[in-house]
file upload08.txt (compact mmCIF, C-alpha atoms and all ligand atoms)
# COMPACT_ATOMS: atom_id res chain seq x y z
CA MET A 55 -142.12 16.32 -42.49
CA SER A 56 -140.93 19.87 -41.83
CA ALA A 57 -141.15 22.55 -44.50
CA VAL A 58 -138.64 24.95 -43.01
CA LEU A 59 -137.49 23.75 -39.59
CA THR A 60 -134.70 21.23 -39.20
CA ALA A 61 -135.16 18.18 -36.97
CA GLU A 62 -132.78 19.85 -34.48
CA GLN A 63 -134.90 23.00 -34.37
CA ARG A 64 -138.09 21.00 -33.76
CA THR A 65 -136.41 18.99 -31.02
CA PHE A 66 -135.07 22.19 -29.45
CA TYR A 67 -138.58 23.70 -29.41
CA LEU A 68 -140.13 20.57 -27.90
CA GLU A 69 -137.49 20.41 -25.18
CA HIS A 70 -136.99 24.10 -24.34
CA GLY A 71 -140.34 25.61 -25.43
CA TYR A 72 -138.92 28.33 -27.65
CA LEU A 73 -136.97 28.96 -30.83
CA VAL A 74 -135.40 31.98 -32.52
CA LEU A 75 -135.17 32.13 -36.31
CA GLU A 76 -132.83 34.90 -37.35
CA ASN A 77 -133.54 37.18 -40.34
CA ARG A 78 -136.77 35.37 -41.22
CA ILE A 79 -138.85 38.40 -42.34
CA PRO A 80 -137.82 40.49 -45.39
CA MET A 81 -136.75 43.97 -44.23
CA ALA A 82 -139.20 45.60 -46.69
CA ARG A 83 -142.04 44.12 -44.63
CA ILE A 84 -140.47 45.30 -41.36
CA ASP A 85 -140.07 48.81 -42.82
CA ALA A 86 -143.73 48.83 -43.94
CA ILE A 87 -144.86 48.04 -40.37
CA ARG A 88 -142.49 50.64 -38.89
CA ALA A 89 -143.92 53.27 -41.27
CA GLU A 90 -147.51 52.43 -40.33
CA ILE A 91 -146.74 52.73 -36.60
CA GLU A 92 -145.90 56.43 -37.03
CA ARG A 93 -149.53 57.56 -37.43
CA PHE A 94 -150.38 56.20 -33.99
CA ARG A 95 -148.11 58.80 -32.38
CA GLU A 96 -150.40 61.59 -33.65
CA ILE A 97 -153.46 59.75 -32.37
CA ALA A 98 -151.84 59.28 -28.94
CA ALA A 99 -151.20 63.03 -28.71
CA THR A 100 -155.00 63.54 -28.60
CA MET A 101 -155.61 60.93 -25.89
CA ASP A 102 -155.70 61.11 -22.10
CA ARG A 103 -156.34 57.45 -21.40
CA SER A 104 -155.96 54.09 -23.13
CA ASP A 105 -158.77 52.97 -25.44
CA GLU A 106 -159.57 49.96 -27.63
CA ARG A 107 -156.88 51.01 -30.16
CA ILE A 108 -153.93 52.10 -28.04
CA ASP A 109 -152.59 51.24 -24.60
CA LEU A 110 -150.73 54.21 -23.11
CA GLU A 111 -147.72 54.13 -20.79
CA ALA A 112 -148.36 55.18 -17.17
CA THR A 113 -146.09 58.16 -17.88
CA HIS A 114 -148.05 59.35 -20.98
CA THR A 115 -149.24 62.95 -21.34
CA ARG A 116 -150.65 64.73 -24.41
CA GLU A 117 -147.53 66.90 -24.49
CA ASN A 118 -145.27 63.87 -24.22
CA PRO A 119 -147.22 61.01 -25.87
CA ARG A 120 -146.08 57.55 -24.88
CA ILE A 121 -147.60 54.41 -26.41
CA ARG A 122 -147.10 51.08 -24.67
CA ARG A 123 -149.02 48.87 -27.08
CA ILE A 124 -151.00 49.07 -30.32
CA LYS A 125 -153.90 46.69 -29.67
CA LEU A 126 -155.07 44.10 -32.21
CA PRO A 127 -152.65 45.42 -34.86
CA HIS A 128 -153.88 42.85 -37.43
CA ARG A 129 -157.09 44.91 -37.53
CA GLN A 130 -155.43 48.33 -37.47
CA LEU A 131 -152.34 48.01 -39.72
CA ASP A 132 -152.60 46.59 -43.26
CA SER A 133 -148.93 45.58 -43.16
CA VAL A 134 -149.50 43.50 -40.01
CA ARG A 135 -152.59 41.84 -41.46
CA ALA A 136 -150.74 40.94 -44.67
CA LEU A 137 -147.76 39.48 -42.82
CA MET A 138 -149.93 37.18 -40.71
CA TYR A 139 -150.92 35.15 -43.80
CA ASP A 140 -147.37 34.99 -45.17
CA ASP A 141 -145.36 31.79 -45.05
CA CYS A 142 -142.43 33.61 -43.54
CA VAL A 143 -144.58 33.59 -40.39
CA LEU A 144 -146.85 30.58 -40.95
CA ALA A 145 -144.49 27.92 -42.33
CA PRO A 146 -142.47 27.41 -39.12
CA VAL A 147 -145.71 27.42 -37.09
CA ARG A 148 -147.19 24.69 -39.33
CA ASP A 149 -144.04 22.66 -38.71
CA LEU A 150 -144.76 22.82 -34.96
CA LEU A 151 -148.58 22.85 -34.72
CA GLY A 152 -149.80 21.20 -37.92
CA PRO A 153 -151.56 22.48 -41.07
CA ASN A 154 -154.71 24.05 -39.56
CA LEU A 155 -154.04 27.30 -37.73
CA ARG A 156 -156.17 30.02 -36.14
CA LEU A 157 -155.16 33.45 -34.86
CA HIS A 158 -155.96 33.82 -31.17
CA THR A 159 -154.94 37.47 -30.99
CA SER A 160 -152.23 39.96 -31.93
CA LYS A 161 -150.48 42.84 -30.18
CA LEU A 162 -147.66 45.23 -30.89
CA ASN A 163 -145.60 46.12 -27.82
CA LEU A 164 -143.54 49.25 -28.49
CA LYS A 165 -141.24 49.16 -25.42
CA SER A 166 -139.80 52.55 -26.33
CA ALA A 167 -136.27 53.70 -25.52
CA GLY A 168 -135.86 54.99 -21.97
CA TYR A 169 -139.28 54.13 -20.59
CA GLY A 170 -140.94 51.14 -22.36
CA ALA A 171 -142.78 49.18 -19.66
CA ALA A 172 -141.80 45.78 -18.30
CA VAL A 173 -144.07 42.74 -18.64
CA GLU A 174 -144.17 40.63 -15.49
CA TRP A 175 -143.38 36.89 -15.65
CA HIS A 176 -146.40 34.96 -16.91
CA GLN A 177 -147.60 32.00 -18.96
CA ASP A 178 -149.97 32.94 -21.80
CA TRP A 179 -151.90 29.74 -21.01
CA ALA A 180 -152.90 31.21 -17.65
CA PHE A 181 -154.90 33.84 -19.59
CA TYR A 182 -156.50 31.54 -22.15
CA PRO A 183 -156.56 27.81 -21.39
CA HIS A 184 -157.75 25.67 -24.32
CA THR A 185 -158.66 22.04 -24.87
CA ASN A 186 -155.09 21.35 -25.99
CA ASP A 187 -151.86 23.34 -25.75
CA ASP A 188 -150.77 23.30 -29.39
CA ILE A 189 -150.58 27.06 -29.17
CA LEU A 190 -147.64 29.42 -29.49
CA ALA A 191 -146.73 33.07 -29.92
CA VAL A 192 -144.67 34.32 -32.85
CA GLY A 193 -142.68 37.44 -31.97
CA VAL A 194 -141.65 39.52 -34.98
CA MET A 195 -138.70 41.73 -34.01
CA LEU A 196 -139.14 45.18 -35.52
CA ASP A 197 -135.89 46.36 -33.91
CA ASP A 198 -132.76 44.57 -32.82
CA MET A 199 -133.63 42.83 -29.55
CA THR A 200 -130.63 43.09 -27.23
CA ALA A 201 -129.78 42.23 -23.63
CA ASP A 202 -130.17 45.87 -22.56
CA ASN A 203 -133.31 47.06 -24.40
CA GLY A 204 -135.86 44.86 -22.65
CA ALA A 205 -135.51 41.67 -24.67
CA LEU A 206 -138.18 39.01 -24.26
CA MET A 207 -136.86 36.56 -21.65
CA VAL A 208 -137.93 32.94 -21.24
CA ILE A 209 -137.41 30.19 -18.67
CA PRO A 210 -136.34 27.20 -20.79
CA GLY A 211 -138.36 24.01 -20.25
CA SER A 212 -141.00 25.71 -18.06
CA HIS A 213 -143.70 24.80 -20.65
CA ARG A 214 -143.39 21.21 -19.40
CA GLY A 215 -143.97 22.26 -15.77
CA PRO A 216 -147.06 23.30 -13.80
CA ILE A 217 -149.34 26.24 -14.48
CA LEU A 218 -148.11 28.67 -11.86
CA ASP A 219 -150.36 30.86 -9.74
CA HIS A 220 -151.15 34.14 -11.52
CA HIS A 221 -153.39 35.51 -8.79
CA GLY A 222 -152.54 38.65 -6.85
CA LYS A 223 -154.35 41.36 -4.93
CA GLY A 224 -158.01 40.40 -5.18
CA GLY A 225 -158.01 37.90 -8.06
CA PHE A 226 -156.37 37.02 -11.37
CA SER A 227 -153.47 39.45 -11.90
CA GLY A 228 -151.83 37.88 -14.96
CA ALA A 229 -148.45 37.85 -13.16
CA ILE A 230 -146.42 35.20 -11.35
CA ALA A 231 -144.92 36.36 -8.04
CA ALA A 232 -141.21 37.17 -8.47
CA SER A 233 -140.19 34.62 -5.84
CA ALA A 234 -141.89 31.79 -7.80
CA VAL A 235 -139.59 32.26 -10.83
CA ASP A 236 -135.94 31.21 -10.95
CA ALA A 237 -134.87 34.31 -12.90
CA GLY A 238 -131.27 33.11 -12.82
CA ARG A 239 -132.26 30.52 -15.46
CA ALA A 240 -133.79 33.13 -17.80
CA VAL A 241 -132.58 33.33 -21.41
CA ALA A 242 -132.88 36.64 -23.29
CA LEU A 243 -134.02 36.10 -26.89
CA THR A 244 -131.60 38.45 -28.61
CA ALA A 245 -131.53 38.72 -32.40
CA PRO A 246 -131.52 41.35 -35.17
CA ALA A 247 -134.61 43.12 -36.52
CA GLY A 248 -136.43 40.85 -38.96
CA SER A 249 -135.91 37.77 -36.79
CA ILE A 250 -138.76 35.88 -35.16
CA SER A 251 -139.14 34.09 -31.85
CA LEU A 252 -141.62 31.30 -31.20
CA HIS A 253 -142.65 30.48 -27.64
CA HIS A 254 -144.96 27.78 -26.33
CA VAL A 255 -148.19 28.96 -24.67
CA ARG A 256 -147.15 27.41 -21.32
CA LEU A 257 -143.60 28.84 -21.29
CA VAL A 258 -142.84 31.30 -18.46
CA HIS A 259 -141.69 34.60 -20.00
CA GLY A 260 -141.45 38.32 -19.30
CA SER A 261 -139.33 41.36 -20.05
CA ASP A 262 -137.71 44.24 -18.19
CA LEU A 263 -138.14 47.99 -18.49
CA ASN A 264 -136.30 49.41 -21.52
CA ARG A 265 -133.60 51.55 -19.91
CA SER A 266 -131.56 51.79 -23.12
CA SER A 267 -131.54 54.50 -25.79
CA ARG A 268 -133.00 52.10 -28.42
CA ASP A 269 -136.60 51.08 -29.03
CA ARG A 270 -137.54 47.40 -28.81
CA ARG A 271 -140.72 46.96 -30.83
CA LEU A 272 -142.12 43.41 -30.86
CA LEU A 273 -145.17 42.32 -32.86
CA LEU A 274 -146.85 39.21 -31.43
CA TYR A 275 -149.17 36.84 -33.26
CA GLU A 276 -150.67 34.26 -30.90
CA ILE A 277 -151.63 31.20 -32.94
CA THR A 278 -153.53 28.03 -32.04
CA ALA A 279 -154.02 24.69 -33.74
CA ALA A 280 -157.53 24.99 -35.21
CA ASP A 281 -158.80 22.16 -32.99
CA ALA A 282 -157.83 23.95 -29.75
CA PHE A 283 -161.01 25.49 -28.32
CA PRO A 284 -161.10 27.96 -25.41
CA ILE A 285 -162.08 26.37 -22.11
CA MET A 286 -163.42 29.34 -20.20
CA GLY A 287 -164.94 32.70 -21.14
CA ALA A 288 -163.85 36.08 -19.81
CA LEU A 289 -160.24 35.95 -20.95
CA SER A 290 -160.75 33.63 -23.92
CA LYS A 291 -163.95 34.81 -25.53
CA LEU A 292 -165.74 32.88 -28.25
CA PRO A 293 -168.31 35.44 -29.46
CA SER A 294 -169.63 33.35 -32.37
CA ILE A 295 -168.45 30.49 -34.55
CA ASP A 296 -168.39 32.84 -37.57
CA GLU A 297 -166.07 35.23 -35.79
CA TYR A 298 -163.98 32.26 -34.63
CA ASP A 299 -163.63 30.82 -38.10
CA SER A 300 -162.88 34.25 -39.57
CA ARG A 301 -159.57 33.99 -37.69
CA LEU A 302 -158.47 30.85 -39.56
CA LEU A 303 -154.99 31.53 -40.97
CA CYS A 304 -154.58 28.38 -43.05
CA GLY A 305 -156.04 24.88 -43.42
CA GLU A 306 -159.53 23.79 -42.39
CA PRO A 307 -161.80 24.77 -39.49
CA THR A 308 -163.36 22.08 -37.29
CA LEU A 309 -166.19 21.68 -34.79
CA GLU A 310 -164.36 18.80 -33.08
CA PRO A 311 -162.07 20.04 -30.28
CA ARG A 312 -159.05 17.86 -29.59
CA LEU A 313 -158.92 17.11 -25.85
CA ALA A 314 -155.48 16.73 -24.30
CA PRO A 315 -154.60 16.01 -20.65
CA VAL A 316 -153.34 19.52 -19.93
CA PRO A 317 -153.05 21.29 -16.56
CA VAL A 318 -155.37 24.30 -16.24
CA ARG A 319 -155.99 27.05 -13.70
CA ILE A 320 -159.07 29.11 -14.42
CA PRO A 321 -158.22 32.86 -14.62
CA GLN A 322 -160.94 33.96 -12.24
CA PRO A 323 -162.02 36.10 -10.53
CA ALA A 324 -160.87 38.64 -13.11
CA PRO A 325 -161.53 42.37 -13.23
CA ALA A 326 -164.73 43.06 -15.19
CA ASP A 327 -162.96 45.21 -17.73
CA PHE A 328 -159.21 45.54 -17.95
CA GLY A 329 -157.51 47.19 -20.88
CA SER A 330 -154.31 45.19 -21.19
CA ILE A 331 -151.88 42.88 -19.47
CA TYR A 332 -149.98 45.92 -18.18
CA GLU A 333 -152.99 47.26 -16.27
CA LEU A 334 -153.89 43.81 -15.02
CA GLN A 335 -150.36 43.16 -13.75
CA ASN A 336 -150.51 46.30 -11.58
CA SER A 337 -152.38 44.07 -9.14
CA SER A 338 -149.41 41.68 -8.86
CA SER A 339 -148.67 40.95 -5.22
CA GLU A 340 -144.93 40.67 -5.86
CA PRO A 341 -143.61 42.35 -9.05
CA ALA A 342 -140.24 41.27 -10.43
CA PHE A 343 -139.50 44.35 -12.54
CA GLU A 344 -139.31 48.11 -11.96
CA SER A 345 -142.16 50.25 -13.29
CA LEU A 346 -142.25 54.02 -13.91
CA ARG A 347 -144.97 56.39 -12.65
CA ARG A 348 -146.31 59.62 -14.15
CA ASP A 349 -143.81 61.83 -12.31
CA SER A 350 -140.71 59.77 -13.09
O1 LIG B 401 -143.31 42.53 -25.09
C1 LIG B 401 -142.82 41.73 -24.28
O2 LIG B 401 -141.66 41.76 -23.95
C2 LIG B 401 -143.66 40.63 -23.63
C3 LIG B 401 -144.87 40.35 -24.38
C4 LIG B 401 -145.82 39.45 -23.71
O3 LIG B 401 -145.48 38.44 -23.17
C5 LIG B 401 -147.23 39.80 -23.76
O4 LIG B 401 -147.55 40.90 -24.20
O5 LIG B 401 -148.05 38.95 -23.35
call {"tool": "encode", "arguments": {"input": "upload08.txt", "output": "structure tokens", "more": "lines below"}}
Ligand SMILES: O=C(O)CCC(=O)C(=O)O
result
Amino acid sequence: MSAVLTAEQRTFYLEHGYLVLENRIPMARIDAIRAEIERFREIAATMDRSDERIDLEATHTRENPRIRRIKLPHRQLDSVRALMYDDCVLAPVRDLLGPNLRLHTSKLNLKSAGYGAAVEWHQDWAFYPHTNDDILAVGVMLDDMTADNGALMVIPGSHRGPILDHHGKGGFSGAIAASAVDAGRAVALTAPAGSISLHHVRLVHGSDLNRSSRDRRLLLYEITAADAFPIMGALSKLPSIDEYDSRLLCGEPTLEPRLAPVPVRIPQPAPADFGSIYELQNSSSEPAFESLRRDS
């Protein structure tokens, strides 16, 4: 029984691996998040390199601060933490993954007007394989997501295919080579601010540089069924069971992983310490999207 999704929406998700629900989040909540983002601009103006709070664009300078991502926003922004427990986010996820849900991680990609960085094609599953793939990402659109401002793009049905090679120069690069993706089949998930997207953890997705004059801020909550346990350390850490259970969003925790016959490629060797997907993807052997450098 679905609480909010129709049978057609569930079937669409199962077949294509994604779904867009328009105008799902009250605009007051979107405005609260937008307001909280502002203080990070002042912090960025005091920084020379990315840290555990903020990932900076390659073109960032103190004089011209440019933030690529606010890391773990559920820990840094009260408005983001509050929204992650709200049924406007959780109810459709329960309809797809069941009643017991755990946060894997969160991120807030700012993709600012004129320079917001691309994200190379990838499958989230390549970064964090689990014992089953009842895992998805909820994208909360803080701005209108349009065809020309670097909308999230997906390859429909690719969640039912293989786990593609994400290795590049010298090890795991978190990016699929451009020639391995049929970009002609890509669908841009366009919708107004306040809408959400849901994409399956095995779905191939990525997004282009924002060349437009409008920001495209996207908040991502990556959510697992509570009985999906990480298979391998490094990119899917399990520091302690207390920390793990502290990320329960709703329902009951369990110590009994559900094992499903899922394809896995271990994301190794990986750089000892990489700050974000953007840095990691610099080692892609064959990028699909343009990237800007400091002097551009
Ligand atoms: O912000 C985007 O367009 C892509 C986000 C994404 O896939 C990621 O950060 O892993």
call {"tool": "axis_aligned_box", "arguments": {"input": "upload08.txt", "around": "ligand LIG 401 (chain B)", "padding_each_side": "3 Å", "output": "JSON"}}
result
{"center_x": -144.9, "center_y": 40.5, "center_z": -24.1, "size_x": 12.4, "size_y": 10.1, "size_z": 7.9}
call {"tool": "residues_around", "arguments": {"input": "upload08.txt", "residues": "segment 56-71 of chain A", "least_positions_apart": "6", "cutoff": "9 Å", "atoms": "all atoms listed in the file", "output": "number ranges by chain"}}
result
A: 145-146, 148-150, 208-214, 252-257
call {"tool": "residues_around", "arguments": {"input": "upload08.txt", "residues": "Phe343 of chain A", "least_positions_apart": "6", "cutoff": "9 Å", "atoms": "all atoms listed in the file", "output": "list in words"}}
result
Ala172, Val173, Glu174, Trp175, Ala232, Ser261, Asp262 and Leu263 of chain A
call {"tool": "closest_residue", "arguments": {"input": "upload08.txt", "among": "A:Ser249, A:Ser338, A:Ser267, A:Ser227", "to": "Gln322 of chain A", "atoms": "only C-alpha atoms"}}
result
A:Ser227
call {"tool": "closest_residue", "arguments": {"input": "upload08.txt", "among": "A:Ala205, A:Val74, A:Ile91, A:Met81", "to": "ligand LIG 401 (chain B)", "atoms": "all atoms listed in the file"}}
result
A:Ala205
call {"tool": "residues_near_ligand", "arguments": {"input": "upload08.txt", "ligand": "ligand LIG 401 (chain B)", "cutoff": "10 Å", "atoms": "only C-alpha atoms and all ligand atoms", "output": "number ranges by chain"}}
result
A: 122-123, 160-165, 170-178, 181, 191, 193, 199, 203-208, 228, 243, 253, 255, 257-264, 270-274, 276, 330-332
call {"tool": "residues_around", "arguments": {"input": "upload08.txt", "residues": "Ile121 of chain A", "least_positions_apart": "3", "cutoff": "12 Å", "atoms": "all atoms listed in the file", "output": "number ranges by chain"}}
result
A: 91-105, 107-116, 118, 124-125, 162-167, 169-171, 269, 271
call {"tool": "closest_residue", "arguments": {"input": "upload08.txt", "among": "A:Arg83, A:His128, A:Arg319, A:Arg347", "to": "Pro216 of chain A", "atoms": "all atoms listed in the file"}}
result
A:Arg319
call {"tool": "atom_distance", "arguments": {"input": "upload08.txt", "atom1": "atom CA of Arg120 of chain A", "atom2": "atom CA of Thr244 of chain A"}}
result
24.3 Å
call {"tool": "residues_near_point", "arguments": {"input": "upload08.txt", "point": "(-158.6, 30.8, -37.3)", "cutoff": "8 Å", "atoms": "all atoms listed in the file", "output": "list in words"}}
result
Leu155, Arg156, Leu157, His158, Thr278, Ala280, Tyr298, Asp299, Ser300, Arg301, Leu302, Leu303, Cys304 and Pro307 of chain A
call {"tool": "write_last_selection", "arguments": {"input": "upload08.txt", "atoms": "C-alpha atoms", "output": "mmCIF file, in the coordinates of the input"}}
result
data_model
loop_
_atom_site.group_PDB
_atom_site.id
_atom_site.type_symbol
_atom_site.label_atom_id
_atom_site.label_comp_id
_atom_site.auth_asym_id
_atom_site.auth_seq_id
_atom_site.Cartn_x
_atom_site.Cartn_y
_atom_site.Cartn_z
ATOM 1 C CA LEU A 155 -154.040 27.300 -37.730
ATOM 2 C CA ARG A 156 -156.170 30.020 -36.140
ATOM 3 C CA LEU A 157 -155.160 33.450 -34.860
ATOM 4 C CA HIS A 158 -155.960 33.820 -31.170
ATOM 5 C CA THR A 278 -153.530 28.030 -32.040
ATOM 6 C CA ALA A 280 -157.530 24.990 -35.210
ATOM 7 C CA TYR A 298 -163.980 32.260 -34.630
ATOM 8 C CA ASP A 299 -163.630 30.820 -38.100
ATOM 9 C CA SER A 300 -162.880 34.250 -39.570
ATOM 10 C CA ARG A 301 -159.570 33.990 -37.690
ATOM 11 C CA LEU A 302 -158.470 30.850 -39.560
ATOM 12 C CA LEU A 303 -154.990 31.530 -40.970
ATOM 13 C CA CYS A 304 -154.580 28.380 -43.050
ATOM 14 C CA PRO A 307 -161.800 24.770 -39.490
#
